[in-house]
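File shown: entry_3.cif. Contents: mmCIF, C-alpha atoms and all ligand atoms.
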```cif
data_entry
loop_
_atom_site.label_atom_id
_atom_site.label_comp_id
_atom_site.auth_asym_id
_atom_site.auth_seq_id
_atom_site.Cartn_x
_atom_site.Cartn_y
_atom_site.Cartn_z
CA MET A 1 -10.01 18.64 21.84
CA ILE A 2 -7.20 21.16 21.49
CA ASP A 3 -3.64 20.00 22.18
CA PRO A 4 -0.86 22.07 23.81
CA PHE A 5 0.28 23.34 20.40
CA GLY A 6 -3.19 24.62 19.47
CA ARG A 7 -3.96 21.76 17.08
CA ASP A 8 -7.62 20.73 16.94
CA ILE A 9 -7.75 16.94 17.23
CA SER A 10 -10.65 15.93 15.05
CA TYR A 11 -9.41 12.71 13.42
CA LEU A 12 -9.21 9.29 15.06
CA ARG A 13 -7.63 6.27 13.43
CA VAL A 14 -8.56 2.96 14.97
CA SER A 15 -6.60 -0.22 14.45
CA VAL A 16 -9.40 -2.76 14.93
CA THR A 17 -7.07 -5.77 14.79
CA ASP A 18 -3.33 -6.38 14.64
CA ARG A 19 -3.93 -9.47 12.47
CA CYS A 20 -3.60 -9.56 8.73
CA ASP A 21 -3.89 -11.97 5.83
CA PHE A 22 -0.62 -10.57 4.34
CA ARG A 23 2.88 -10.17 5.75
CA CYS A 24 4.21 -7.23 3.71
CA THR A 25 7.98 -7.23 3.96
CA TYR A 26 8.25 -3.60 5.13
CA CYS A 27 5.43 -3.98 7.68
CA MET A 28 5.78 -7.35 9.40
CA SER A 29 8.22 -10.17 9.89
CA GLU A 30 7.25 -13.50 8.38
CA ASP A 31 6.71 -15.11 11.78
CA MET A 32 4.81 -12.21 13.36
CA ALA A 33 3.43 -12.96 16.81
CA PHE A 34 -0.07 -11.54 17.16
CA LEU A 35 -1.84 -10.46 20.31
CA PRO A 36 -3.74 -13.08 22.28
CA LYS A 37 -7.45 -12.66 21.53
CA LYS A 38 -8.21 -11.94 25.21
CA ASP A 39 -6.14 -8.72 25.06
CA VAL A 40 -8.14 -7.34 22.16
CA LEU A 41 -11.14 -5.11 22.86
CA SER A 42 -14.52 -6.44 21.78
CA LEU A 43 -16.31 -4.68 18.94
CA GLU A 44 -18.77 -3.27 21.50
CA GLU A 45 -15.87 -1.83 23.51
CA LEU A 46 -14.32 -0.31 20.40
CA GLU A 47 -17.67 1.21 19.53
CA ARG A 48 -18.03 2.71 23.00
CA LEU A 49 -14.56 4.25 22.74
CA CYS A 50 -15.30 5.68 19.29
CA ASN A 51 -18.60 7.10 20.52
CA VAL A 52 -16.81 9.01 23.27
CA PHE A 53 -14.28 10.40 20.78
CA VAL A 54 -17.11 11.52 18.50
CA LYS A 55 -18.79 13.21 21.47
CA LEU A 56 -15.51 15.01 22.17
CA GLY A 57 -15.26 16.41 18.66
CA VAL A 58 -13.82 13.76 16.36
CA LYS A 59 -15.27 14.36 12.89
CA LYS A 60 -13.36 11.77 10.91
CA LEU A 61 -12.91 8.12 11.80
CA ARG A 62 -10.66 5.75 9.90
CA LEU A 63 -10.64 2.02 10.60
CA THR A 64 -7.37 0.31 9.87
CA GLY A 65 -5.21 -2.49 11.25
CA GLY A 66 -3.71 -5.06 10.60
CA GLU A 67 -6.36 -5.74 8.03
CA PRO A 68 -9.65 -4.27 9.30
CA LEU A 69 -11.84 -6.39 7.02
CA VAL A 70 -10.49 -9.70 8.36
CA ARG A 71 -11.86 -8.98 11.84
CA LYS A 72 -14.91 -11.15 12.47
CA ASN A 73 -18.21 -9.21 12.34
CA ILE A 74 -16.42 -5.97 11.52
CA MET A 75 -19.41 -4.81 9.49
CA SER A 76 -21.50 -4.62 12.67
CA LEU A 77 -19.07 -2.03 14.07
CA ILE A 78 -19.02 -0.12 10.79
CA ARG A 79 -22.81 -0.07 10.64
CA SER A 80 -23.11 1.23 14.21
CA LEU A 81 -20.49 3.93 13.64
CA GLY A 82 -22.25 4.89 10.42
CA HIS A 83 -25.21 6.16 12.49
CA HIS A 84 -23.05 9.13 13.55
CA LEU A 85 -23.00 10.17 9.90
CA ASP A 86 -26.80 10.29 9.85
CA THR A 87 -26.87 12.65 12.85
CA GLY A 88 -24.09 14.81 11.39
CA ASP A 89 -21.87 14.26 14.48
CA LEU A 90 -19.36 12.54 12.22
CA GLU A 91 -18.37 13.88 8.82
CA GLU A 92 -16.50 10.90 7.47
CA LEU A 93 -16.18 7.19 8.17
CA THR A 94 -13.51 5.50 6.13
CA LEU A 95 -11.11 2.59 5.94
CA THR A 96 -7.57 1.67 4.97
CA THR A 97 -7.52 -1.85 3.59
CA ASN A 98 -5.34 -4.21 1.63
CA GLY A 99 -8.40 -4.92 -0.53
CA THR A 100 -8.56 -8.70 -0.19
CA GLN A 101 -12.09 -8.67 1.27
CA LEU A 102 -13.42 -5.66 -0.63
CA HIS A 103 -15.28 -7.74 -3.20
CA ARG A 104 -17.38 -9.14 -0.33
CA TYR A 105 -17.99 -5.94 1.55
CA ALA A 106 -17.89 -3.02 -0.90
CA MET A 107 -21.66 -2.67 -1.34
CA GLU A 108 -22.34 -3.02 2.36
CA LEU A 109 -19.67 -0.43 3.16
CA PHE A 110 -21.40 2.05 0.87
CA ASP A 111 -24.72 1.21 2.49
CA CYS A 112 -23.20 2.01 5.92
CA GLY A 113 -22.23 5.50 4.76
CA VAL A 114 -18.61 4.87 3.79
CA ARG A 115 -17.83 6.91 0.68
CA ARG A 116 -14.07 6.58 0.30
CA VAL A 117 -11.54 3.83 0.94
CA ASN A 118 -7.77 3.74 0.80
CA VAL A 119 -6.49 0.56 -0.79
CA SER A 120 -2.85 -0.39 -0.38
CA ILE A 121 -1.18 -1.80 -3.46
CA ASP A 122 2.55 -1.58 -4.09
CA THR A 123 2.85 -3.20 -7.50
CA LEU A 124 0.77 -4.31 -10.50
CA ASP A 125 3.07 -7.23 -11.21
CA PRO A 126 1.51 -10.46 -9.84
CA LYS A 127 4.88 -12.07 -9.04
CA LYS A 128 6.25 -9.02 -7.27
CA PHE A 129 2.96 -8.63 -5.45
CA THR A 130 3.32 -12.10 -3.97
CA GLU A 131 6.93 -11.36 -3.03
CA ILE A 132 6.10 -8.08 -1.27
CA THR A 133 3.07 -9.44 0.61
CA ARG A 134 4.84 -12.82 1.09
CA TRP A 135 1.77 -14.74 -0.15
CA GLY A 136 -0.91 -12.35 -1.43
CA LYS A 137 -2.59 -12.68 -4.82
CA LEU A 138 -2.81 -9.51 -6.90
CA GLU A 139 -5.96 -10.68 -8.68
CA ASN A 140 -7.95 -10.66 -5.40
CA VAL A 141 -7.00 -7.07 -4.72
CA LEU A 142 -7.79 -5.98 -8.27
CA ARG A 143 -11.17 -7.69 -7.97
CA GLY A 144 -11.75 -5.82 -4.69
CA ILE A 145 -10.82 -2.48 -6.23
CA GLU A 146 -13.20 -3.08 -9.10
CA ALA A 147 -16.02 -4.03 -6.74
CA ALA A 148 -15.39 -0.91 -4.65
CA ALA A 149 -15.44 1.35 -7.70
CA ASN A 150 -18.65 -0.31 -8.96
CA SER A 151 -20.27 0.23 -5.57
CA GLY A 152 -19.67 3.97 -5.79
CA LEU A 153 -16.75 4.13 -3.34
CA LYS A 154 -14.08 6.67 -4.18
CA ILE A 155 -10.69 4.99 -4.16
CA LYS A 156 -7.28 6.26 -3.22
CA LEU A 157 -4.31 3.95 -3.61
CA ASN A 158 -1.50 3.78 -1.04
CA THR A 159 1.84 2.68 -2.43
CA VAL A 160 5.03 2.31 -0.41
CA ALA A 161 8.11 3.24 -2.45
CA LEU A 162 10.58 0.37 -2.21
CA ARG A 163 14.09 0.67 -3.56
CA GLY A 164 14.83 -1.88 -6.24
CA THR A 165 11.36 -3.45 -5.92
CA ASN A 166 8.65 -1.18 -7.30
CA GLU A 167 10.95 1.77 -8.03
CA ASP A 168 10.77 1.41 -11.82
CA GLU A 169 7.07 0.72 -11.78
CA LEU A 170 5.86 3.87 -10.05
CA PRO A 171 5.23 5.89 -13.25
CA ASN A 172 3.11 3.04 -14.57
CA MET A 173 1.18 2.86 -11.31
CA VAL A 174 0.49 6.59 -11.45
CA LYS A 175 -0.74 6.13 -15.02
CA TRP A 176 -2.90 3.12 -14.08
CA ALA A 177 -4.44 5.02 -11.15
CA GLY A 178 -4.97 8.15 -13.24
CA GLU A 179 -6.76 6.26 -16.01
CA ARG A 180 -9.26 5.00 -13.44
CA GLY A 181 -9.68 8.36 -11.71
CA PHE A 182 -7.95 7.18 -8.52
CA ASP A 183 -5.63 9.43 -6.54
CA ILE A 184 -2.48 7.73 -5.34
CA THR A 185 -0.37 8.37 -2.28
CA ILE A 186 3.24 7.28 -2.38
CA ILE A 187 4.77 6.62 1.03
CA GLU A 188 8.37 6.49 2.20
CA VAL A 189 9.23 3.44 4.30
CA MET A 190 9.03 4.30 7.97
CA PRO A 191 11.29 2.63 10.54
CA MET A 192 8.61 0.88 12.60
CA GLY A 193 8.90 -2.54 14.21
CA ASP A 194 11.14 -5.52 13.67
CA ILE A 195 10.74 -6.94 10.16
CA GLY A 196 12.97 -9.97 10.58
CA THR A 197 15.71 -10.48 8.04
CA GLU A 198 14.64 -7.57 5.82
CA ASN A 199 16.71 -4.42 6.05
CA ARG A 200 15.04 -1.03 6.03
CA VAL A 201 18.10 0.80 4.78
CA SER A 202 17.99 -1.26 1.61
CA GLN A 203 14.19 -0.74 1.27
CA TYR A 204 14.35 3.02 1.76
CA LEU A 205 13.79 5.11 -1.35
CA PRO A 206 13.60 8.88 -0.83
CA LEU A 207 10.57 10.42 -2.51
CA SER A 208 12.72 13.24 -3.89
CA MET A 209 14.09 10.58 -6.28
CA VAL A 210 10.61 9.23 -7.01
CA ARG A 211 9.33 12.69 -7.80
CA SER A 212 12.13 13.52 -10.16
CA ASN A 213 11.57 10.21 -11.97
CA LEU A 214 7.81 10.87 -12.20
CA SER A 215 8.36 14.34 -13.60
CA GLU A 216 10.12 12.75 -16.57
CA HIS A 217 6.82 11.03 -17.43
CA PHE A 218 4.17 13.53 -16.31
CA THR A 219 3.62 17.23 -15.87
CA LEU A 220 3.39 17.65 -12.10
CA ARG A 221 2.03 20.78 -10.52
CA ASP A 222 2.34 21.54 -6.77
CA ILE A 223 -1.09 22.25 -5.33
CA ASP A 224 -2.17 23.63 -2.00
CA TYR A 225 -4.50 20.72 -1.22
CA LYS A 226 -4.48 19.88 2.50
CA THR A 227 -6.15 17.17 4.54
CA GLY A 228 -4.44 17.88 7.88
CA GLY A 229 -2.40 14.76 7.15
CA PRO A 230 1.22 14.15 6.29
CA ALA A 231 0.91 14.17 2.50
CA ARG A 232 1.90 17.01 0.20
CA TYR A 233 0.01 16.89 -3.08
CA VAL A 234 0.82 17.40 -6.71
CA GLU A 235 -1.62 17.28 -9.59
CA VAL A 236 -0.90 15.21 -12.66
CA GLU A 237 -1.82 17.44 -15.59
CA GLU A 238 -2.30 14.52 -18.01
CA THR A 239 -4.90 12.74 -15.83
CA GLY A 240 -6.29 15.46 -13.54
CA THR A 241 -5.70 13.16 -10.54
CA LYS A 242 -3.57 13.83 -7.49
CA ILE A 243 -0.42 12.24 -6.17
CA GLY A 244 0.14 12.52 -2.42
CA LEU A 245 3.72 12.26 -1.22
CA ILE A 246 4.32 11.16 2.36
CA THR A 247 7.88 11.83 3.38
CA PRO A 248 8.15 11.47 7.14
CA LEU A 249 11.92 11.12 7.03
CA THR A 250 12.75 14.00 4.74
CA HIS A 251 9.99 16.44 5.59
CA ASN A 252 8.37 17.19 8.90
CA PHE A 253 4.59 17.01 8.67
CA CYS A 254 3.80 17.49 12.33
CA GLU A 255 2.79 21.14 12.61
CA SER A 256 -0.66 20.51 11.15
CA CYS A 257 -1.23 17.06 12.70
CA ASN A 258 -4.90 16.69 13.67
CA ARG A 259 -4.97 12.99 14.56
CA VAL A 260 -4.50 10.40 17.28
CA ARG A 261 -4.39 6.63 16.99
CA LEU A 262 -6.16 3.96 18.98
CA THR A 263 -4.98 0.35 19.04
CA CYS A 264 -7.23 -2.70 19.30
CA THR A 265 -6.16 -3.08 22.94
CA GLY A 266 -7.39 0.40 23.84
CA THR A 267 -4.02 2.15 23.87
CA LEU A 268 -4.06 5.69 22.53
CA TYR A 269 -0.93 6.89 20.73
CA MET A 270 -0.74 10.62 20.37
CA CYS A 271 1.99 10.43 17.70
CA LEU A 272 2.83 7.75 15.13
CA GLY A 273 6.54 8.27 15.69
CA GLN A 274 6.65 8.42 19.52
CA GLU A 275 6.20 5.78 22.18
CA ASP A 276 4.18 7.82 24.70
CA ALA A 277 0.68 6.39 25.01
CA ALA A 278 -2.39 6.36 27.25
CA ASP A 279 -4.20 3.24 28.38
CA LEU A 280 -7.92 3.74 27.80
CA LYS A 281 -8.81 0.11 28.47
CA ILE A 282 -8.73 0.60 32.25
CA PRO A 283 -11.13 3.58 32.41
CA LEU A 284 -13.25 1.84 29.76
CA ARG A 285 -13.62 -1.36 31.74
CA ASN A 286 -13.68 0.14 35.23
CA SER A 287 -16.70 2.35 34.84
CA GLU A 288 -20.00 2.24 33.04
CA GLY A 289 -20.29 5.99 32.58
CA ASP A 290 -17.98 7.92 30.29
CA GLU A 291 -16.55 10.42 32.80
CA ALA A 292 -13.31 8.53 33.59
CA LEU A 293 -12.76 7.80 29.90
CA THR A 294 -13.34 11.42 28.95
CA ARG A 295 -10.85 12.54 31.60
CA ALA A 296 -8.25 10.03 30.39
CA ILE A 297 -8.66 11.19 26.77
CA HIS A 298 -8.31 14.86 27.67
CA GLU A 299 -5.24 14.06 29.76
CA ALA A 300 -3.72 12.14 26.82
CA ILE A 301 -4.38 14.98 24.36
CA SER A 302 -2.65 17.37 26.76
CA ARG A 303 0.50 15.23 26.25
CA LYS A 304 0.43 15.15 22.43
CA PRO A 305 4.03 15.86 21.41
CA LYS A 306 5.10 18.49 18.94
CA GLY A 307 6.47 15.95 16.46
CA HIS A 308 8.16 12.65 15.73
CA ASP A 309 11.84 11.66 15.66
CA PHE A 310 11.97 9.09 12.86
CA ILE A 311 15.43 8.25 11.60
CA ILE A 312 16.69 5.44 9.42
CA ASP A 313 20.24 5.12 10.60
CA ARG A 314 22.61 3.11 8.44
CA ARG A 315 24.44 1.85 11.54
CA GLN A 316 21.20 0.74 13.21
CA LYS A 317 19.74 -1.94 11.00
CA ASN A 318 16.18 -1.71 12.17
CA SER A 319 13.47 0.39 13.74
CA SER A 320 13.53 3.73 15.50
CA VAL A 321 10.02 2.99 16.81
CA PRO A 322 9.71 -0.56 18.20
CA ARG A 323 6.02 -1.12 17.46
CA HIS A 324 4.84 -2.25 14.06
CA MET A 325 2.72 -0.07 11.79
CA SER A 326 -0.03 -2.70 12.15
CA VAL A 327 -0.38 -1.80 15.85
CA THR A 328 -1.47 1.75 15.09
CA GLY A 329 -2.49 1.25 11.48
CA GLY A 330 -0.38 3.90 9.83
N1 LIG B 401 -3.72 -3.67 6.11
C1 LIG B 401 -4.21 -2.41 5.66
C2 LIG B 401 -3.43 -1.92 4.46
O1 LIG B 401 -2.36 -2.48 4.17
O2 LIG B 401 -3.89 -0.97 3.85
C3 LIG B 401 -4.22 -1.34 6.73
C4 LIG B 401 -3.06 -1.29 7.68
S1 LIG B 401 -1.48 -0.89 6.97
C5 LIG B 401 -0.45 -0.94 8.39
C6 LIG B 401 -1.67 0.82 6.60
C7 LIG B 401 -0.67 1.40 5.65
O3 LIG B 401 0.60 1.42 6.25
C8 LIG B 401 -0.51 0.64 4.34
O4 LIG B 401 -0.71 1.52 3.26
C9 LIG B 401 0.91 0.15 4.38
O5 LIG B 401 1.48 0.11 3.11
C10 LIG B 401 1.58 1.17 5.27
N2 LIG B 401 2.78 0.69 5.95
C11 LIG B 401 2.93 -0.41 6.71
N3 LIG B 401 4.18 -0.49 7.22
C12 LIG B 401 4.84 0.61 6.78
C13 LIG B 401 6.15 1.13 6.97
N4 LIG B 401 7.05 0.52 7.73
N5 LIG B 401 6.47 2.29 6.35
C14 LIG B 401 5.56 2.96 5.59
N6 LIG B 401 4.31 2.53 5.38
C15 LIG B 401 3.94 1.37 5.96
FE1 LIG B 402 -1.05 -6.34 6.41
FE2 LIG B 402 -1.38 -3.83 5.69
FE3 LIG B 402 0.83 -4.56 7.06
FE4 LIG B 402 0.54 -5.38 4.54
S1 LIG B 402 0.72 -3.26 5.23
S2 LIG B 402 1.14 -6.66 6.31
S3 LIG B 402 -1.62 -5.63 4.38
S4 LIG B 402 -1.23 -4.59 7.80
#
```
Would you give me this structure, written as structure tokens?
Ligand code: SAM
Ligand code: SF4
Amino acid sequence: MIDPFGRDISYLRVSVTDRCDFRCTYCMSEDMAFLPKKDVLSLEELERLCNVFVKLGVKKLRLTGGEPLVRKNIMSLIRSLGHHLDTGDLEELTLTTNGTQLHRYAMELFDCGVRRVNVSIDTLDPKKFTEITRWGKLENVLRGIEAAANSGLKIKLNTVALRGTNEDELPNMVKWAGERGFDITIIEVMPMGDIGTENRVSQYLPLSMVRSNLSEHFTLRDIDYKTGGPARYVEVEETGTKIGLITPLTHNFCESCNRVRLTCTGTLYMCLGQEDAADLKIPLRNSEGDEALTRAIHEAISRKPKGHDFIIDRRQKNSSVPRHMSVTGG
């Protein structure tokens, strides 16, 4: 699948549920309304959609959410998708998770062919952790990370930089990750979805400031490591691990974008920061063969935009993209 700007679309991210066992302050409002269950595709429908994408050239699949591991029977989908790894049609099957269920599923994930997981963790302070997630317990996530590492899964941490919240702690988190051999990606807050009384302007911490703070603690070296994703990477000389920096607001990462995003209702977003989308649920449900679905996917890829228009405007308190990150999974 080649888009109008010559980018080869080989990476599909699938939000398998919009539900979550946390309500992180930058991601959701406290009283989030979730989709009625009837609007959500079944696991069999999600599998059929993924199979078509793999047939069309997707080599990397990432399940995300909401929290992917809270969806009932999610392991059955992961196991089925894992068969594409055996045939070589798929190169990587992976997951972004908040880690709460990892202690239950880590071994099974490895058995299904998953080799790497991204675990989101914004602080190592139990009290702050509960504040950021609104009710999460840090110890559960740490237990999940340990189980994942013991099962042989490679771990990358995702940490959102939050002004005045985890700002001072980031050097310690880089150290903690480095000591365990984990890479860490630090993410700027993106203006997505209504988050209730929280204010994004006050949460926003530019990564230029984070980087200059980190370079007071570590020797950072720019490296030319690329994943086709939005992160730029630096290597930490002291630990040999990498820090990814995702700066959607201060740096445009779109020219090498190789990905599209599918929601749990079968909507395909061609760009995280744009509203244009294609409904794949109708061709999925209206025909048994894959021709209509294939046509709809090709048509959607032909509309993939050149880039996003994220802005955090001080006059506009909230989001420049109305949907929440949990709809498309980041
Ligand atoms: N629940 C899983 C988790 O937290 O890893 C997967 C879904 S979550 C939406 C995916 C990633 O998006 C997480 O790393 C989270 O920190 C990040 N995220 C959520 N809302 C964000 C926002 N407004 N700006 C930047 N990152 C955000
Ligand atoms: Fe849930 Fe992940 Fe959003 Fe936090 S960031 S509320 S864990 S979906």
Can you tell me which residues sit at most 6 Å away from ligand LIG 401 (chain B), counting only C-alpha atoms and all ligand atoms, written as a list in words?
->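 Taking only C-alpha atoms and all ligand atoms into account, the residues around ligand LIG 401 (chain B) at most 6 Å away are Tyr26, Cys27, Thr64, Gly65, Gly66, Glu67, Thr96, Thr97, Asn98, Val119, Ser120, Asn158, Val160, Ile187, Glu188, Val189, Met190, Pro191, Met192, Met325, Ser326, Gly329 and Gly330 of chain A.
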Point-to-point distance in Å for CA of Thr247 (chain A) and CA of Val260 (chain A) |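 Answer for the CA of Val260 (chain A) to CA of Thr247 (chain A) separation: 18.7 Å.
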For Ile145 (chain A), which residue among A:Ile186, A:Leu109, A:Val236, A:Leu102 is the nearest when counting only C-alpha atoms?
->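 Using only C-alpha atoms, the shortest distance to Ile145 (chain A) belongs to A:Leu102.
The space separating CA of Leu81 (chain A) from CA of Tyr11 (chain A) comes to 14.1 Å.
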Considering all atoms listed in the file, state which residue in the set A:Leu77, A:Met209, A:Leu12, A:Cys271 is at the smallest distance from Glu255 (chain A).
->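 Looking at the shortest contact to Glu255 (chain A), the residue is A:Cys271.
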Axis-aligned box for region 189-196 of chain A, 6 Å per side, centre and edges in Å as lines of an AutoDock Vina configuration file:
```
center_x = 10.8
center_y = -2.8
center_z = 9.3
size_x = 16.4
size_y = 26.3
size_z = 21.9
```
In terms of the shortest atom-to-atom distance over only C-alpha atoms, which of A:Asp111, A:Asp290, A:Glu299, A:Asp168 is closest to Asp125 (chain A)?
-> A:Asp168
Shell of 12 Å around region 228-233 of chain A, all atoms listed in the file, local chain residues under 4 positions omitted, as a ChimeraX atom specification | /A:7-13,60,158,183-188,207,211,220-224,241-260,272,307-308,330
Top pick for closest residue to ligand LIG 402 (chain B), considering A:Asn166, A:Asn118, A:Ser76, A:Asn51 and counting only C-alpha atoms and all ligand atoms |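 Of the candidates, the smallest distance to ligand LIG 402 (chain B) is held by A:Asn118.
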Separation of CA of Cys112 (chain A) from CA of Asp279 (chain A) in Å = 29.4 Å
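The residue that comes closest to Phe129 (chain A), out of A:Cys24, A:Ile74, A:Leu205, A:Cys50 and on the basis of all atoms listed in the file, is A:Cys24.
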Among A:Thr100, A:Asn286, A:Ser302, A:Ser208, Glu139 (chain A) is approached most closely, using all atoms listed in the file, by A:Thr100
So which residues touch Gly144 (chain A) within 8 Å, counting all atoms listed in the file, skipping near sequence neighbours fewer than 2 positions away, as a ChimeraX atom specification?
-> /A:99-104,106,140-142,146-148
Near Arg115 (chain A), counting all atoms listed in the file, which residues have an atom at most 10 Å away, once you skip same-chain residues fewer than 5 positions from it, shown as an NGL selection string?
-> :A and (92-95 or 109-110 or 148 or 151-155)
May I have the protein, DNA and RNA residues with any atom at most 12 Å from the point (10.6, 2.4, -8.8), counting only C-alpha atoms, written as an MDAnalysis selection string?
-> chainID A and resid 122:123 159:174 186 188 203:207 209:214
